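Engineer: Could you have a look at this structure, given as structure tokens, before my questions?
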Amino acid sequence: MTYGQFEWAMEAVHSRAFRGDFGALDGGKGGPLRKIASLLLPLSALAFGIVYATDPSVELEPYFLPLGLVAALPTILTIAADQQGSKEAVLLPLIDSANHLQEADSAIEYDPAVDAFVLSLGKKCLVKEGERAQVCISYGVRKDSELLLNYGFLRGVIMKGFDNNVGDENRNEIRELVAGQFVRRNP
């Protein structure tokens, strides 16, 4: 494999990877903190219940502060896990066949119950064009430079009249059109 092929492959992966908190309880940076955080609230409730169940006449006031601190720890640990960068990157085959629409109310989430990624689409994801319609998803809020470099397009630049399957001469016209739009928008 040449270095040029490697660069192309890495850019293909980079432009199609989705980042998020996909099952961070199972690992990754911050994963162990999230595991502890998920257990602390139920365990503190259990401890409080055991203290009260064993002797209801016991004065509970001395236990409120320690158990309250334990109950607050999940929030603190989750924040700490987020600071460690628990965002994971995943590749989802075929998902990039949906075009980007920043306003689309879409969500890609990992569902541990079915051990799969689930794509949820809202009403803003269906874009009608005459009698046809397409499903769009949001890649998130992106700058023109990121859209052009990583995805090869700019929002609002319409390629009507261009056939992408024609030779290099047509592609150069497309490149010039997109580059011109980029320069005008980003002086």
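Please note that chains go A, B, ... in the order of the structure tokens, that every chain numbers its residues from 1, and that ligands are numbered from 1 in the order shown.
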Which residues are close to region 103-109 of chain A, i.e. within 10 Å by only C-alpha atoms, leaving aside same-chain residues fewer than 2 positions away? Reply as a VMD selection string.
Structural biologist: chain A and resid 18 to 23 92 95 100 to 101 111 to 112 116 to 127 135 to 141
Engineer: Residues at most 8 Å from region 149-155 of chain A, counting only C-alpha atoms, excluding those fewer than 5 positions away in the same chain, as a count of residues only?
Structural biologist: 6
Engineer: Check the DSSP output for the backbone and give back, as a PyMOL selection string, the residues of region 112-163 of chain A in strand (DSSP E or B).
Structural biologist: chain A and resi 116-121+126-129+132-137
Engineer: So that I have them on file, write out the residues from the current selection with N, CA and C atoms, as a PDB file, in the first residue's frame.
Structural biologist:
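Generated output (selection_32.pdb):
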```pdb
ATOM      1  N   ALA A 116     -27.177  -2.903  19.147  1.00  0.00           N
ATOM      2  CA  ALA A 116     -27.110  -2.338  17.801  1.00  0.00           C
ATOM      3  C   ALA A 116     -27.251  -0.826  17.873  1.00  0.00           C
ATOM      4  N   PHE A 117     -26.877  -0.173  16.784  1.00  0.00           N
ATOM      5  CA  PHE A 117     -27.085   1.258  16.661  1.00  0.00           C
ATOM      6  C   PHE A 117     -28.459   1.490  16.063  1.00  0.00           C
ATOM      7  N   VAL A 118     -29.146   2.486  16.581  1.00  0.00           N
ATOM      8  CA  VAL A 118     -30.500   2.797  16.132  1.00  0.00           C
ATOM      9  C   VAL A 118     -30.498   4.223  15.586  1.00  0.00           C
ATOM     10  N   LEU A 119     -31.059   4.392  14.407  1.00  0.00           N
ATOM     11  CA  LEU A 119     -31.190   5.702  13.796  1.00  0.00           C
ATOM     12  C   LEU A 119     -32.620   6.172  14.002  1.00  0.00           C
ATOM     13  N   SER A 120     -32.786   7.269  14.715  1.00  0.00           N
ATOM     14  CA  SER A 120     -34.107   7.850  14.950  1.00  0.00           C
ATOM     15  C   SER A 120     -34.253   9.069  14.054  1.00  0.00           C
ATOM     16  N   LEU A 121     -35.367   9.138  13.346  1.00  0.00           N
ATOM     17  CA  LEU A 121     -35.606  10.225  12.408  1.00  0.00           C
ATOM     18  C   LEU A 121     -36.851  10.996  12.809  1.00  0.00           C
ATOM     19  N   LEU A 126     -37.102  14.276   6.456  1.00  0.00           N
ATOM     20  CA  LEU A 126     -37.634  13.962   5.137  1.00  0.00           C
ATOM     21  C   LEU A 126     -37.695  15.244   4.317  1.00  0.00           C
ATOM     22  N   VAL A 127     -36.941  15.274   3.235  1.00  0.00           N
ATOM     23  CA  VAL A 127     -36.872  16.452   2.372  1.00  0.00           C
ATOM     24  C   VAL A 127     -37.511  16.097   1.038  1.00  0.00           C
ATOM     25  N   LYS A 128     -38.581  16.816   0.709  1.00  0.00           N
ATOM     26  CA  LYS A 128     -39.298  16.558  -0.540  1.00  0.00           C
ATOM     27  C   LYS A 128     -38.727  17.444  -1.637  1.00  0.00           C
ATOM     28  N   GLU A 129     -38.525  16.827  -2.801  1.00  0.00           N
ATOM     29  CA  GLU A 129     -38.052  17.528  -3.991  1.00  0.00           C
ATOM     30  C   GLU A 129     -38.981  17.138  -5.129  1.00  0.00           C
ATOM     31  N   ARG A 132     -40.392  13.457  -5.520  1.00  0.00           N
ATOM     32  CA  ARG A 132     -39.431  12.582  -4.838  1.00  0.00           C
ATOM     33  C   ARG A 132     -39.129  13.118  -3.451  1.00  0.00           C
ATOM     34  N   ALA A 133     -38.579  12.259  -2.627  1.00  0.00           N
ATOM     35  CA  ALA A 133     -38.176  12.660  -1.283  1.00  0.00           C
ATOM     36  C   ALA A 133     -36.904  11.907  -0.919  1.00  0.00           C
ATOM     37  N   GLN A 134     -36.144  12.492  -0.023  1.00  0.00           N
ATOM     38  CA  GLN A 134     -34.947  11.818   0.466  1.00  0.00           C
ATOM     39  C   GLN A 134     -34.878  11.961   1.988  1.00  0.00           C
ATOM     40  N   VAL A 135     -34.218  11.006   2.602  1.00  0.00           N
ATOM     41  CA  VAL A 135     -33.996  11.050   4.042  1.00  0.00           C
ATOM     42  C   VAL A 135     -32.647  11.702   4.288  1.00  0.00           C
ATOM     43  N   CYS A 136     -32.634  12.715   5.146  1.00  0.00           N
ATOM     44  CA  CYS A 136     -31.395  13.397   5.513  1.00  0.00           C
ATOM     45  C   CYS A 136     -31.133  13.200   6.998  1.00  0.00           C
ATOM     46  N   ILE A 137     -29.878  13.224   7.364  1.00  0.00           N
ATOM     47  CA  ILE A 137     -29.491  13.197   8.773  1.00  0.00           C
ATOM     48  C   ILE A 137     -28.579  14.387   9.028  1.00  0.00           C
TER      49      ILE A 137
END
```
Engineer: Can you work out the spacing between CA of Asn99 (chain A) and CA of Arg175 (chain A) in Å, to one decimal?
Structural biologist: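 Going from CA of Asn99 (chain A) over to CA of Arg175 (chain A), I get 19.1 Å.
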Engineer: Which distance in Å separates CA of Glu7 (chain A) and CA of Arg185 (chain A), to one decimal?
Structural biologist: 28.0 Å
Engineer: Measure the distance from CA of Arg16 (chain A) to CA of Asn186 (chain A) in Å and round it to one decimal.
Structural biologist: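 Taking CA of Arg16 (chain A) and CA of Asn186 (chain A), their separation equals 24.7 Å.
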